[in-house]
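Okay, protein_20.pdb is below, PDB, C-alpha atoms:
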MODEL        1
ATOM      1  CA  MET Y   1      -7.710 -19.738   7.346
ATOM      2  CA  LYS Y   2      -5.654 -17.081   5.535
ATOM      3  CA  THR Y   3      -8.000 -14.140   4.960
ATOM      4  CA  THR Y   4      -7.622 -10.991   2.872
ATOM      5  CA  VAL Y   5      -9.841  -7.905   2.896
ATOM      6  CA  ILE Y   6     -10.225  -5.915  -0.307
ATOM      7  CA  GLY Y   7     -11.698  -2.463   0.266
ATOM      8  CA  LEU Y   8     -10.862  -0.462   3.381
ATOM      9  CA  GLY Y   9     -13.648   2.078   3.536
ATOM     10  CA  ALA Y  10     -15.888   2.694   6.538
ATOM     11  CA  MET Y  11     -16.932  -0.963   6.680
ATOM     12  CA  GLY Y  12     -13.872  -2.774   5.334
ATOM     13  CA  ALA Y  13     -11.415  -1.084   7.684
ATOM     14  CA  GLY Y  14     -13.370  -2.151  10.753
ATOM     15  CA  MET Y  15     -13.736  -5.703   9.495
ATOM     16  CA  ALA Y  16     -10.026  -5.925   8.694
ATOM     17  CA  GLY Y  17      -9.154  -4.650  12.162
ATOM     18  CA  ASN Y  18     -11.286  -7.278  13.884
ATOM     19  CA  LEU Y  19      -9.954 -10.061  11.648
ATOM     20  CA  PHE Y  20      -6.403  -8.966  12.434
ATOM     21  CA  ARG Y  21      -7.013  -8.995  16.186
ATOM     22  CA  ALA Y  22      -8.594 -12.447  15.912
ATOM     23  CA  GLY Y  23      -5.536 -13.781  14.055
ATOM     24  CA  HIS Y  24      -7.291 -14.369  10.725
ATOM     25  CA  LEU Y  25      -6.049 -11.488   8.568
ATOM     26  CA  LYS Y  26      -3.136 -12.144   6.226
ATOM     27  CA  HIS Y  27      -3.294  -9.063   3.999
ATOM     28  CA  ALA Y  28      -5.462  -6.065   3.180
ATOM     29  CA  TRP Y  29      -5.625  -3.830   0.124
ATOM     30  CA  ASN Y  30      -7.461  -0.727  -1.022
ATOM     31  CA  ARG Y  31      -7.313   1.226  -4.263
ATOM     32  CA  SER Y  32      -6.774   4.507  -2.408
ATOM     33  CA  THR Y  33      -3.347   4.430  -0.772
ATOM     34  CA  GLU Y  34      -4.257   7.226   1.628
ATOM     35  CA  ARG Y  35      -7.273   5.381   2.998
ATOM     36  CA  ALA Y  36      -5.363   2.095   3.192
ATOM     37  CA  THR Y  37      -2.491   3.675   5.110
ATOM     38  CA  ALA Y  38      -4.868   5.314   7.587
ATOM     39  CA  ALA Y  39      -6.703   2.030   8.243
ATOM     40  CA  ALA Y  40      -3.462   0.080   8.673
ATOM     41  CA  ALA Y  41      -2.066   2.672  11.070
ATOM     42  CA  LEU Y  42      -5.240   2.618  13.145
ATOM     43  CA  HIS Y  43      -5.531  -1.167  13.423
ATOM     44  CA  GLY Y  44      -1.930  -2.357  12.983
ATOM     45  CA  PHE Y  45      -2.395  -4.779  10.084
ATOM     46  CA  ALA Y  46      -0.169  -5.233   7.038
ATOM     47  CA  LEU Y  47      -0.954  -3.891   3.585
ATOM     48  CA  ALA Y  48      -0.222  -5.595   0.298
ATOM     49  CA  ASP Y  49       1.234  -3.573  -2.578
ATOM     50  CA  THR Y  50      -1.301  -4.926  -5.072
ATOM     51  CA  LEU Y  51      -4.628  -6.686  -5.091
ATOM     52  CA  GLU Y  52      -2.998  -9.671  -6.742
ATOM     53  CA  GLN Y  53      -0.377  -9.947  -4.011
ATOM     54  CA  ALA Y  54      -3.072  -9.691  -1.350
ATOM     55  CA  ALA Y  55      -5.263 -12.399  -2.859
ATOM     56  CA  ALA Y  56      -2.851 -14.920  -4.385
ATOM     57  CA  GLN Y  57      -2.313 -16.992  -1.225
ATOM     58  CA  ALA Y  58      -5.646 -16.323   0.473
ATOM     59  CA  ASP Y  59      -8.100 -19.054   1.392
ATOM     60  CA  LEU Y  60     -10.805 -16.415   1.822
ATOM     61  CA  VAL Y  61     -11.088 -12.951   0.279
ATOM     62  CA  ILE Y  62     -13.669 -10.596   1.782
ATOM     63  CA  THR Y  63     -14.626  -7.700  -0.473
ATOM     64  CA  SER Y  64     -16.220  -4.415   0.588
ATOM     65  CA  VAL Y  65     -16.756  -1.963  -2.261
ATOM     66  CA  SER Y  66     -19.239   0.748  -3.176
ATOM     67  CA  ALA Y  67     -20.568  -0.146  -6.616
ATOM     68  CA  ASP Y  68     -21.479  -3.039  -8.903
ATOM     69  CA  GLY Y  69     -18.791  -2.151 -11.439
ATOM     70  CA  ASP Y  70     -16.107  -2.124  -8.761
ATOM     71  CA  LEU Y  71     -17.071  -5.609  -7.601
ATOM     72  CA  ALA Y  72     -17.095  -6.990 -11.148
ATOM     73  CA  GLU Y  73     -13.648  -5.545 -11.874
ATOM     74  CA  ILE Y  74     -12.138  -6.820  -8.629
ATOM     75  CA  CYS Y  75     -13.572 -10.310  -9.067
ATOM     76  CA  ASP Y  76     -12.198 -10.508 -12.607
ATOM     77  CA  ARG Y  77      -8.766  -9.852 -11.122
ATOM     78  CA  LEU Y  78      -9.313 -12.309  -8.275
ATOM     79  CA  ALA Y  79     -10.299 -15.029 -10.745
ATOM     80  CA  ARG Y  80      -6.874 -14.813 -12.354
ATOM     81  CA  VAL Y  81      -4.811 -15.257  -9.180
ATOM     82  CA  MET Y  82      -6.748 -17.175  -6.522
ATOM     83  CA  THR Y  83      -6.307 -20.913  -6.041
ATOM     84  CA  ALA Y  84      -9.204 -23.183  -7.043
ATOM     85  CA  GLY Y  85     -11.316 -24.087  -4.042
ATOM     86  CA  SER Y  86     -10.776 -20.706  -2.362
ATOM     87  CA  ILE Y  87     -13.687 -18.497  -1.372
ATOM     88  CA  VAL Y  88     -14.755 -14.942  -2.173
ATOM     89  CA  LEU Y  89     -17.289 -13.410   0.208
ATOM     90  CA  ASP Y  90     -18.703 -10.045  -0.813
ATOM     91  CA  THR Y  91     -20.117  -7.755   1.877
ATOM     92  CA  SER Y  92     -21.056  -4.963  -0.553
ATOM     93  CA  THR Y  93     -24.585  -3.997  -1.501
ATOM     94  CA  VAL Y  94     -25.033  -4.651  -5.230
ATOM     95  CA  SER Y  95     -27.776  -5.871  -7.528
ATOM     96  CA  ILE Y  96     -28.856  -9.507  -7.508
ATOM     97  CA  ASP Y  97     -27.874  -9.788 -11.183
ATOM     98  CA  THR Y  98     -24.352  -8.564 -10.422
ATOM     99  CA  ALA Y  99     -23.981 -11.067  -7.589
ATOM    100  CA  ARG Y 100     -25.063 -13.908  -9.861
ATOM    101  CA  ARG Y 101     -22.791 -12.853 -12.742
ATOM    102  CA  VAL Y 102     -19.800 -12.585 -10.421
ATOM    103  CA  ALA Y 103     -20.581 -16.011  -8.969
ATOM    104  CA  GLU Y 104     -20.632 -17.557 -12.449
ATOM    105  CA  ARG Y 105     -17.350 -15.884 -13.375
ATOM    106  CA  LEU Y 106     -15.590 -17.133 -10.246
ATOM    107  CA  GLU Y 107     -17.106 -20.611 -10.394
ATOM    108  CA  ALA Y 108     -15.707 -20.993 -13.914
ATOM    109  CA  HIS Y 109     -12.274 -20.733 -12.263
ATOM    110  CA  GLY Y 110     -13.119 -23.180  -9.483
ATOM    111  CA  LEU Y 111     -13.737 -20.460  -6.884
ATOM    112  CA  HIS Y 112     -16.690 -20.266  -4.496
ATOM    113  CA  PHE Y 113     -18.715 -17.064  -4.135
ATOM    114  CA  LEU Y 114     -21.035 -15.928  -1.345
ATOM    115  CA  ASP Y 115     -23.027 -12.693  -1.468
ATOM    116  CA  ALA Y 116     -23.103 -11.502   2.109
ATOM    117  CA  PRO Y 117     -24.244  -7.901   2.556
ATOM    118  CA  VAL Y 118     -24.180  -6.599   6.101
ATOM    119  CA  SER Y 119     -26.174  -4.335   8.390
ATOM    120  CA  GLY Y 120     -24.978  -2.439  11.426
ATOM    121  CA  GLY Y 121     -23.164   0.559  10.012
ATOM    122  CA  LYS Y 122     -19.643   1.720  10.698
ATOM    123  CA  GLU Y 123     -20.104   1.083  14.415
ATOM    124  CA  GLY Y 124     -21.060  -2.532  13.770
ATOM    125  CA  ALA Y 125     -18.030  -3.074  11.553
ATOM    126  CA  GLU Y 126     -15.704  -1.616  14.179
ATOM    127  CA  LYS Y 127     -17.246  -3.503  17.103
ATOM    128  CA  GLY Y 128     -17.725  -6.805  15.258
ATOM    129  CA  THR Y 129     -21.493  -6.680  15.821
ATOM    130  CA  MET Y 130     -22.733  -6.631  12.230
ATOM    131  CA  VAL Y 131     -25.551  -8.812  10.981
ATOM    132  CA  MET Y 132     -24.696 -10.733   7.806
ATOM    133  CA  MET Y 133     -27.257 -12.099   5.331
ATOM    134  CA  VAL Y 134     -25.666 -14.715   3.080
ATOM    135  CA  GLY Y 135     -26.529 -16.240  -0.279
ATOM    136  CA  GLY Y 136     -24.670 -19.242  -1.701
ATOM    137  CA  ASP Y 137     -23.651 -22.770  -0.823
ATOM    138  CA  VAL Y 138     -24.367 -23.398   2.860
ATOM    139  CA  ALA Y 139     -21.496 -25.911   3.072
ATOM    140  CA  VAL Y 140     -19.053 -23.227   1.910
ATOM    141  CA  LEU Y 141     -20.476 -20.827   4.475
ATOM    142  CA  GLU Y 142     -19.964 -23.370   7.247
ATOM    143  CA  GLN Y 143     -16.263 -23.632   6.330
ATOM    144  CA  ILE Y 144     -15.661 -19.951   7.071
ATOM    145  CA  MET Y 145     -17.957 -19.450  10.071
ATOM    146  CA  PRO Y 146     -15.043 -19.236  12.563
ATOM    147  CA  VAL Y 147     -13.742 -16.270  10.559
ATOM    148  CA  LEU Y 148     -17.121 -14.577  10.236
ATOM    149  CA  GLU Y 149     -17.782 -14.879  13.958
ATOM    150  CA  SER Y 150     -14.967 -12.396  14.544
ATOM    151  CA  ILE Y 151     -16.721  -9.687  12.497
ATOM    152  CA  SER Y 152     -20.440 -10.418  12.987
ATOM    153  CA  ARG Y 153     -22.797 -11.139  15.853
ATOM    154  CA  LYS Y 154     -25.281 -12.919  13.576
ATOM    155  CA  VAL Y 155     -24.771 -14.757  10.276
ATOM    156  CA  VAL Y 156     -27.847 -16.167   8.510
ATOM    157  CA  HIS Y 157     -27.898 -18.298   5.363
ATOM    158  CA  MET Y 158     -30.735 -16.958   3.199
ATOM    159  CA  GLY Y 159     -30.606 -19.293   0.175
ATOM    160  CA  PRO Y 160     -28.752 -19.447  -3.163
ATOM    161  CA  VAL Y 161     -26.522 -16.674  -4.531
ATOM    162  CA  GLY Y 162     -28.527 -13.463  -4.751
ATOM    163  CA  SER Y 163     -30.606 -14.201  -1.663
ATOM    164  CA  GLY Y 164     -28.283 -12.119   0.496
ATOM    165  CA  GLN Y 165     -28.780  -9.101  -1.755
ATOM    166  CA  ALA Y 166     -32.553  -9.611  -1.838
ATOM    167  CA  THR Y 167     -32.603  -9.627   1.962
ATOM    168  CA  LYS Y 168     -30.431  -6.513   2.082
ATOM    169  CA  ALA Y 169     -32.955  -4.778  -0.172
ATOM    170  CA  VAL Y 170     -35.627  -5.494   2.438
ATOM    171  CA  ASN Y 171     -33.308  -4.015   5.066
ATOM    172  CA  GLN Y 172     -32.593  -0.869   3.055
ATOM    173  CA  ILE Y 173     -36.258  -0.181   2.324
ATOM    174  CA  MET Y 174     -37.004  -0.564   6.025
ATOM    175  CA  CYS Y 175     -34.111   1.755   6.942
ATOM    176  CA  ALA Y 176     -35.571   4.400   4.635
ATOM    177  CA  GLY Y 177     -38.894   4.247   6.447
ATOM    178  CA  ILE Y 178     -37.276   4.347   9.876
ATOM    179  CA  ASN Y 179     -35.130   7.324   8.881
ATOM    180  CA  GLN Y 180     -38.194   9.183   7.633
ATOM    181  CA  ALA Y 181     -40.222   8.433  10.769
ATOM    182  CA  VAL Y 182     -37.477   9.235  13.263
ATOM    183  CA  ALA Y 183     -36.424  12.454  11.514
ATOM    184  CA  GLU Y 184     -40.000  13.730  11.288
ATOM    185  CA  ALA Y 185     -40.925  12.805  14.850
ATOM    186  CA  LEU Y 186     -37.815  14.360  16.377
ATOM    187  CA  ALA Y 187     -38.217  17.525  14.311
ATOM    188  CA  PHE Y 188     -41.751  17.740  15.709
ATOM    189  CA  GLY Y 189     -40.480  17.172  19.236
ATOM    190  CA  GLN Y 190     -37.808  19.829  18.904
ATOM    191  CA  HIS Y 191     -40.413  22.282  17.613
ATOM    192  CA  GLN Y 192     -42.421  21.607  20.787
ATOM    193  CA  GLY Y 193     -39.492  22.854  22.849
ATOM    194  CA  LEU Y 194     -38.854  19.500  24.521
ATOM    195  CA  ASP Y 195     -35.562  18.341  26.042
ATOM    196  CA  MET Y 196     -34.512  16.145  23.147
ATOM    197  CA  ASP Y 197     -32.047  14.045  25.154
ATOM    198  CA  LYS Y 198     -34.951  13.053  27.385
ATOM    199  CA  VAL Y 199     -37.194  12.457  24.372
ATOM    200  CA  VAL Y 200     -34.664  10.115  22.769
ATOM    201  CA  ASP Y 201     -34.139   8.308  26.064
ATOM    202  CA  VAL Y 202     -37.802   7.681  26.751
ATOM    203  CA  VAL Y 203     -38.924   6.748  23.236
ATOM    204  CA  SER Y 204     -35.933   4.434  22.849
ATOM    205  CA  SER Y 205     -37.235   2.506  25.850
ATOM    206  CA  GLY Y 206     -40.769   2.022  24.556
ATOM    207  CA  ALA Y 207     -42.688   0.673  21.582
ATOM    208  CA  ALA Y 208     -41.108   3.245  19.233
ATOM    209  CA  GLY Y 209     -37.585   2.247  20.185
ATOM    210  CA  ASN Y 210     -35.176   1.292  17.402
ATOM    211  CA  TRP Y 211     -31.459   1.268  16.602
ATOM    212  CA  PHE Y 212     -31.625   4.461  14.565
ATOM    213  CA  VAL Y 213     -33.269   6.680  17.167
ATOM    214  CA  GLU Y 214     -30.949   5.305  19.850
ATOM    215  CA  HIS Y 215     -27.727   5.782  17.851
ATOM    216  CA  ARG Y 216     -28.588   8.846  15.740
ATOM    217  CA  GLY Y 217     -31.353  10.664  17.607
ATOM    218  CA  ARG Y 218     -29.170  12.846  19.817
ATOM    219  CA  SER Y 219     -26.620  13.755  17.160
ATOM    220  CA  MET Y 220     -29.428  14.468  14.685
ATOM    221  CA  THR Y 221     -31.157  16.964  16.963
ATOM    222  CA  ARG Y 222     -27.815  18.692  17.586
ATOM    223  CA  GLY Y 223     -27.216  19.143  13.866
ATOM    224  CA  SER Y 224     -24.301  16.703  13.707
ATOM    225  CA  PHE Y 225     -24.261  14.221  10.826
ATOM    226  CA  ALA Y 226     -20.851  12.517  10.911
ATOM    227  CA  PRO Y 227     -21.110   9.579   8.514
ATOM    228  CA  GLY Y 228     -21.883   6.116   9.711
ATOM    229  CA  PHE Y 229     -23.843   5.339   6.546
ATOM    230  CA  ARG Y 230     -23.590   8.019   3.890
ATOM    231  CA  VAL Y 231     -26.580   9.545   2.114
ATOM    232  CA  ALA Y 232     -25.035   8.843  -1.299
ATOM    233  CA  LEU Y 233     -24.603   5.145  -0.501
ATOM    234  CA  HIS Y 234     -28.150   4.669   0.764
ATOM    235  CA  HIS Y 235     -29.352   6.498  -2.334
ATOM    236  CA  LYS Y 236     -27.397   3.995  -4.452
ATOM    237  CA  ASP Y 237     -28.909   1.075  -2.535
ATOM    238  CA  LEU Y 238     -32.450   2.409  -2.864
ATOM    239  CA  THR Y 239     -31.900   2.869  -6.594
ATOM    240  CA  ILE Y 240     -31.152  -0.868  -6.741
ATOM    241  CA  CYS Y 241     -34.368  -1.531  -4.801
ATOM    242  CA  GLN Y 242     -36.280   0.770  -7.165
ATOM    243  CA  ALA Y 243     -35.035  -1.202 -10.180
ATOM    244  CA  MET Y 244     -36.046  -4.493  -8.556
ATOM    245  CA  LEU Y 245     -39.523  -3.117  -7.896
ATOM    246  CA  ALA Y 246     -39.829  -1.719 -11.414
ATOM    247  CA  ALA Y 247     -39.229  -5.213 -12.815
ATOM    248  CA  ASP Y 248     -42.521  -6.177 -11.156
ATOM    249  CA  GLY Y 249     -44.285  -2.949 -12.112
ATOM    250  CA  VAL Y 250     -44.363  -1.727  -8.518
ATOM    251  CA  GLN Y 251     -43.477   1.574  -6.862
ATOM    252  CA  LEU Y 252     -43.183   1.947  -3.097
ATOM    253  CA  PRO Y 253     -43.996   5.476  -1.873
ATOM    254  CA  MET Y 254     -41.382   5.392   0.892
ATOM    255  CA  VAL Y 255     -38.623   4.450  -1.538
ATOM    256  CA  GLU Y 256     -39.631   7.110  -4.064
ATOM    257  CA  MET Y 257     -39.921   9.854  -1.434
ATOM    258  CA  THR Y 258     -36.601   8.997   0.199
ATOM    259  CA  LEU Y 259     -34.806   8.996  -3.153
ATOM    260  CA  VAL Y 260     -36.147  12.487  -3.866
ATOM    261  CA  HIS Y 261     -35.068  13.722  -0.434
ATOM    262  CA  TYR Y 262     -31.584  12.211  -0.775
ATOM    263  CA  GLU Y 263     -31.204  13.795  -4.208
ATOM    264  CA  ARG Y 264     -31.990  17.185  -2.658
ATOM    265  CA  LEU Y 265     -29.384  16.580   0.039
ATOM    266  CA  MET Y 266     -26.748  15.499  -2.472
ATOM    267  CA  ALA Y 267     -27.457  18.518  -4.668
ATOM    268  CA  ALA Y 268     -26.905  20.726  -1.612
ATOM    269  CA  GLY Y 269     -23.532  19.091  -0.914
ATOM    270  CA  TYR Y 270     -24.593  16.744   1.886
ATOM    271  CA  GLY Y 271     -24.146  13.423   0.086
ATOM    272  CA  ASP Y 272     -21.211  12.372   2.272
ATOM    273  CA  GLU Y 273     -23.078  13.021   5.525
ATOM    274  CA  ASP Y 274     -24.860  10.335   7.513
ATOM    275  CA  ILE Y 275     -28.391   9.482   6.382
ATOM    276  CA  SER Y 276     -29.648  11.210   9.538
ATOM    277  CA  ALA Y 277     -28.966  14.401   7.527
ATOM    278  CA  LEU Y 278     -32.554  13.870   6.369
ATOM    279  CA  TYR Y 279     -33.220  16.013   9.451
ATOM    280  CA  ARG Y 280     -32.037  18.963   7.344
ATOM    281  CA  ILE Y 281     -35.202  18.530   5.274
ATOM    282  CA  LYS Y 282     -37.590  17.902   8.168
ATOM    283  CA  ARG Y 283     -36.760  20.901  10.372
ATOM    284  CA  PRO Y 284     -37.762  23.463   7.729
ATOM    285  CA  LEU Y 285     -41.226  21.904   7.659
ATOM    286  CA  PHE Y 286     -41.681  23.667  11.022
ATOM    287  CA  GLY Y 287     -40.129  26.913   9.774
ATOM    288  CA  GLU Y 288     -36.849  26.127  11.559
ATOM    289  CA  ASP Y 289     -33.288  25.473  10.399
ATOM    290  CA  VAL Y 290     -30.861  22.794  11.588
TER
ENDMDL
END

Let me see the file written as structure tokens.
Amino acid sequence: MKTTVIGLGAMGAGMAGNLFRAGHLKHAWNRSTERATAAAALHGFALADTLEQAAAQADLVITSVSADGDLAEICDRLARVMTAGSIVLDTSTVSIDTARRVAERLEAHGLHFLDAPVSGGKEGAEKGTMVMMVGGDVAVLEQIMPVLESISRKVVHMGPVGSGQATKAVNQIMCAGINQAVAEALAFGQHQGLDMDKVVDVVSSGAAGNWFVEHRGRSMTRGSFAPGFRVALHHKDLTICQAMLAADGVQLPMVEMTLVHYERLMAAGYGDEDISALYRIKRPLFGEDV
């Protein structure tokens, strides 16, 4: 199945690399030439000159973009060049309404759409170990499973279009809570003068163990916040969750608090750091700096 990746950021580049090594990737394209060139050089795949060239002959286009408007624009362009019966699978995190509108637009041109946000961070994209939550026609999903198995360790059909994004919202709210808990607990531990490598090792092995403490705990306590998942992007995702909650007249304290903390980080110039940069806010609670 001829596959194209549109969007070669932290997630898209890793996916494109794995698809290329598995023999699925035909083309890749990114709006920023600099980022596209760097990804192609790292992984060895070919770049198309334009989005239209990349998508015109593709059986499957996988998109990975940052914002709802970007996805809508790209899918408008895809609708004009892709062959009827082809498939667009979006791995971005966008609103449910955007996913449904895009699906309607593409279906009007005979194209299938699946909303398939992912979890696992940059590491998961690079190692092909992401988890994918998919909304759309299950028969269409089954057609492309051999391709998706090269970029994900788990692919779950969640229901009709929009169900993938609803599931991702659950994931992002949970990530906010985990980030808050891990950052606070480790800041407390560091204040106690403990060996933080040992702390991370032992708590990762017990009931408090989780992906975030295992993969971010050590770097966090050393004051290193190289991006795996950027503060600004999680802020964007939680804003989507906040809007979904507001439609039901609900506020979740963890979402509201994390949004405030991320806004403080972004205002201080840390929006492009990993979300573990929340540690910058927790350490001062103990009168200490990162």

Determine the residue membership of the PyMOL selection byres ((chain Y and resi 51-60) around 10) for the file above and supply it as a PDB file with C-alpha atoms, keeping the file's coordinate frame.
ATOM      1  CA  MET Y   1      -7.710 -19.738   7.346  1.00  0.00           C
ATOM      2  CA  LYS Y   2      -5.654 -17.081   5.535  1.00  0.00           C
ATOM      3  CA  THR Y   3      -8.000 -14.140   4.960  1.00  0.00           C
ATOM      4  CA  THR Y   4      -7.622 -10.991   2.872  1.00  0.00           C
ATOM      5  CA  VAL Y   5      -9.841  -7.905   2.896  1.00  0.00           C
ATOM      6  CA  ILE Y   6     -10.225  -5.915  -0.307  1.00  0.00           C
ATOM      7  CA  GLY Y   7     -11.698  -2.463   0.266  1.00  0.00           C
ATOM      8  CA  HIS Y  24      -7.291 -14.369  10.725  1.00  0.00           C
ATOM      9  CA  LEU Y  25      -6.049 -11.488   8.568  1.00  0.00           C
ATOM     10  CA  LYS Y  26      -3.136 -12.144   6.226  1.00  0.00           C
ATOM     11  CA  HIS Y  27      -3.294  -9.063   3.999  1.00  0.00           C
ATOM     12  CA  ALA Y  28      -5.462  -6.065   3.180  1.00  0.00           C
ATOM     13  CA  TRP Y  29      -5.625  -3.830   0.124  1.00  0.00           C
ATOM     14  CA  ASN Y  30      -7.461  -0.727  -1.022  1.00  0.00           C
ATOM     15  CA  ARG Y  31      -7.313   1.226  -4.263  1.00  0.00           C
ATOM     16  CA  ALA Y  46      -0.169  -5.233   7.038  1.00  0.00           C
ATOM     17  CA  LEU Y  47      -0.954  -3.891   3.585  1.00  0.00           C
ATOM     18  CA  ALA Y  48      -0.222  -5.595   0.298  1.00  0.00           C
ATOM     19  CA  ASP Y  49       1.234  -3.573  -2.578  1.00  0.00           C
ATOM     20  CA  THR Y  50      -1.301  -4.926  -5.072  1.00  0.00           C
ATOM     21  CA  VAL Y  61     -11.088 -12.951   0.279  1.00  0.00           C
ATOM     22  CA  ILE Y  62     -13.669 -10.596   1.782  1.00  0.00           C
ATOM     23  CA  THR Y  63     -14.626  -7.700  -0.473  1.00  0.00           C
ATOM     24  CA  ILE Y  74     -12.138  -6.820  -8.629  1.00  0.00           C
ATOM     25  CA  ARG Y  77      -8.766  -9.852 -11.122  1.00  0.00           C
ATOM     26  CA  LEU Y  78      -9.313 -12.309  -8.275  1.00  0.00           C
ATOM     27  CA  ALA Y  79     -10.299 -15.029 -10.745  1.00  0.00           C
ATOM     28  CA  ARG Y  80      -6.874 -14.813 -12.354  1.00  0.00           C
ATOM     29  CA  VAL Y  81      -4.811 -15.257  -9.180  1.00  0.00           C
ATOM     30  CA  MET Y  82      -6.748 -17.175  -6.522  1.00  0.00           C
ATOM     31  CA  THR Y  83      -6.307 -20.913  -6.041  1.00  0.00           C
ATOM     32  CA  ALA Y  84      -9.204 -23.183  -7.043  1.00  0.00           C
ATOM     33  CA  GLY Y  85     -11.316 -24.087  -4.042  1.00  0.00           C
ATOM     34  CA  SER Y  86     -10.776 -20.706  -2.362  1.00  0.00           C
ATOM     35  CA  ILE Y  87     -13.687 -18.497  -1.372  1.00  0.00           C
ATOM     36  CA  VAL Y  88     -14.755 -14.942  -2.173  1.00  0.00           C
ATOM     37  CA  LEU Y  89     -17.289 -13.410   0.208  1.00  0.00           C
ATOM     38  CA  HIS Y 112     -16.690 -20.266  -4.496  1.00  0.00           C
ATOM     39  CA  PHE Y 113     -18.715 -17.064  -4.135  1.00  0.00           C
ATOM     40  CA  ILE Y 144     -15.661 -19.951   7.071  1.00  0.00           C
ATOM     41  CA  VAL Y 147     -13.742 -16.270  10.559  1.00  0.00           C
TER      42      VAL Y 147
END

Inset, instruction - Excluding Gly189 (chain Y) and residues on its chain fewer than 4 positions from it, collect all residues at most 12 Å away from it, counting only C-alpha atoms, and give them as a ChimeraX atom specification. - result: /Y:182-185,193-200,203,217,221,282-283,286

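As for CA of Ser204 (chain Y) and CA of Thr93 (chain Y), they are spaced 28.2 Å apart.
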
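Each of Y:Glu126, Y:Ala22, Y:Gly9, Y:Gly136 was checked against Ala36 (chain Y) using only C-alpha atoms; the smallest atom-to-atom distance is that of Y:Gly9.
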
Inset, instruction - Select, from Y:Gly177, Y:Arg35, Y:Glu263, Y:Val102, the residue with the minimum atom-to-atom distance to Asp68 (chain Y), counting only C-alpha atoms. - result: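 Going through Y:Gly177, Y:Arg35, Y:Glu263, Y:Val102 one by one, the smallest distance to Asp68 (chain Y) is for Y:Val102.
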
Inset, instruction - Evaluate the PyMOL selection byres ((chain Y and resi 274) around 8) on the structure here and hand back the selected residues as a count of residues only. - result: 12

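Checking Y:Leu265, Y:Leu106, Y:Met254, Y:Ala41 one by one against Ala72 (chain Y), counting only C-alpha atoms, you find the shortest gap at Y:Leu106.
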
Apply the PyMOL selection byres ((chain Y and resi 235) around 10) to the file shown and report the selected residues as a CSV table (one decimal) with C-alpha atoms, in the frame of the given file.
chain,number,residue,atom,x,y,z
Y,172,GLN,CA,-32.6,-0.9,3.1
Y,176,ALA,CA,-35.6,4.4,4.6
Y,230,ARG,CA,-23.6,8.0,3.9
Y,231,VAL,CA,-26.6,9.5,2.1
Y,232,ALA,CA,-25.0,8.8,-1.3
Y,233,LEU,CA,-24.6,5.1,-0.5
Y,234,HIS,CA,-28.2,4.7,0.8
Y,236,LYS,CA,-27.4,4.0,-4.5
Y,237,ASP,CA,-28.9,1.1,-2.5
Y,238,LEU,CA,-32.4,2.4,-2.9
Y,239,THR,CA,-31.9,2.9,-6.6
Y,240,ILE,CA,-31.2,-0.9,-6.7
Y,241,CYS,CA,-34.4,-1.5,-4.8
Y,255,VAL,CA,-38.6,4.4,-1.5
Y,258,THR,CA,-36.6,9.0,0.2
Y,259,LEU,CA,-34.8,9.0,-3.2
Y,260,VAL,CA,-36.1,12.5,-3.9
Y,261,HIS,CA,-35.1,13.7,-0.4
Y,262,TYR,CA,-31.6,12.2,-0.8
Y,263,GLU,CA,-31.2,13.8,-4.2
Y,266,MET,CA,-26.7,15.5,-2.5
Y,271,GLY,CA,-24.1,13.4,0.1
Y,275,ILE,CA,-28.4,9.5,6.4

Legend entry - Of the listed residues Y:Ala108, Y:Leu19, Y:Leu278, Y:Leu186, that which approaches Pro146 (chain Y) most closely, counting all atoms listed in the file: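 That would be Y:Leu19, the residue with the smallest distance to Pro146 (chain Y).
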
Inset, instruction - Considering only C-alpha atoms, state which residue in the set Y:Val138, Y:Leu111, Y:Leu42, Y:Ile96 is at the smallest distance from Asp76 (chain Y). - result: Y:Leu111

Once you add 8 Å to each side, what are the centre and edge lengths of the axis-aligned box holding all listed atoms of region 84-98 of chain Y? One decimal in Å, as JSON, if you can.
{"center_x": -19.0, "center_y": -14.0, "center_z": -4.7, "size_x": 35.7, "size_y": 36.1, "size_z": 29.1}

Inset, instruction - Place a sphere of radius 9 Å on (-26.6, -9.7, 10.9) in the file coordinates and name every protein, DNA or RNA residue with an atom inside or on its surface, counting all atoms listed in the file; give the answer as a PyMOL selection string. - result: chain Y and resi 117-120+129-133+152-156

Residues of the last selection are to be written out with C-alpha atoms, as an mmCIF file, in the frame of the given file.
data_model
loop_
_atom_site.group_PDB
_atom_site.id
_atom_site.type_symbol
_atom_site.label_atom_id
_atom_site.label_comp_id
_atom_site.auth_asym_id
_atom_site.auth_seq_id
_atom_site.Cartn_x
_atom_site.Cartn_y
_atom_site.Cartn_z
ATOM 1 C CA PRO Y 117 -24.244 -7.901 2.556
ATOM 2 C CA VAL Y 118 -24.180 -6.599 6.101
ATOM 3 C CA SER Y 119 -26.174 -4.335 8.390
ATOM 4 C CA GLY Y 120 -24.978 -2.439 11.426
ATOM 5 C CA THR Y 129 -21.493 -6.680 15.821
ATOM 6 C CA MET Y 130 -22.733 -6.631 12.230
ATOM 7 C CA VAL Y 131 -25.551 -8.812 10.981
ATOM 8 C CA MET Y 132 -24.696 -10.733 7.806
ATOM 9 C CA MET Y 133 -27.257 -12.099 5.331
ATOM 10 C CA SER Y 152 -20.440 -10.418 12.987
ATOM 11 C CA ARG Y 153 -22.797 -11.139 15.853
ATOM 12 C CA LYS Y 154 -25.281 -12.919 13.576
ATOM 13 C CA VAL Y 155 -24.771 -14.757 10.276
ATOM 14 C CA VAL Y 156 -27.847 -16.167 8.510
#

Legend entry - Counting only C-alpha atoms, the residue of Y:Arg264, Y:Arg101, Y:Arg218, Y:His43 that sits nearest Phe20 (chain Y):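 For Phe20 (chain Y), the nearest of the candidates is Y:His43.
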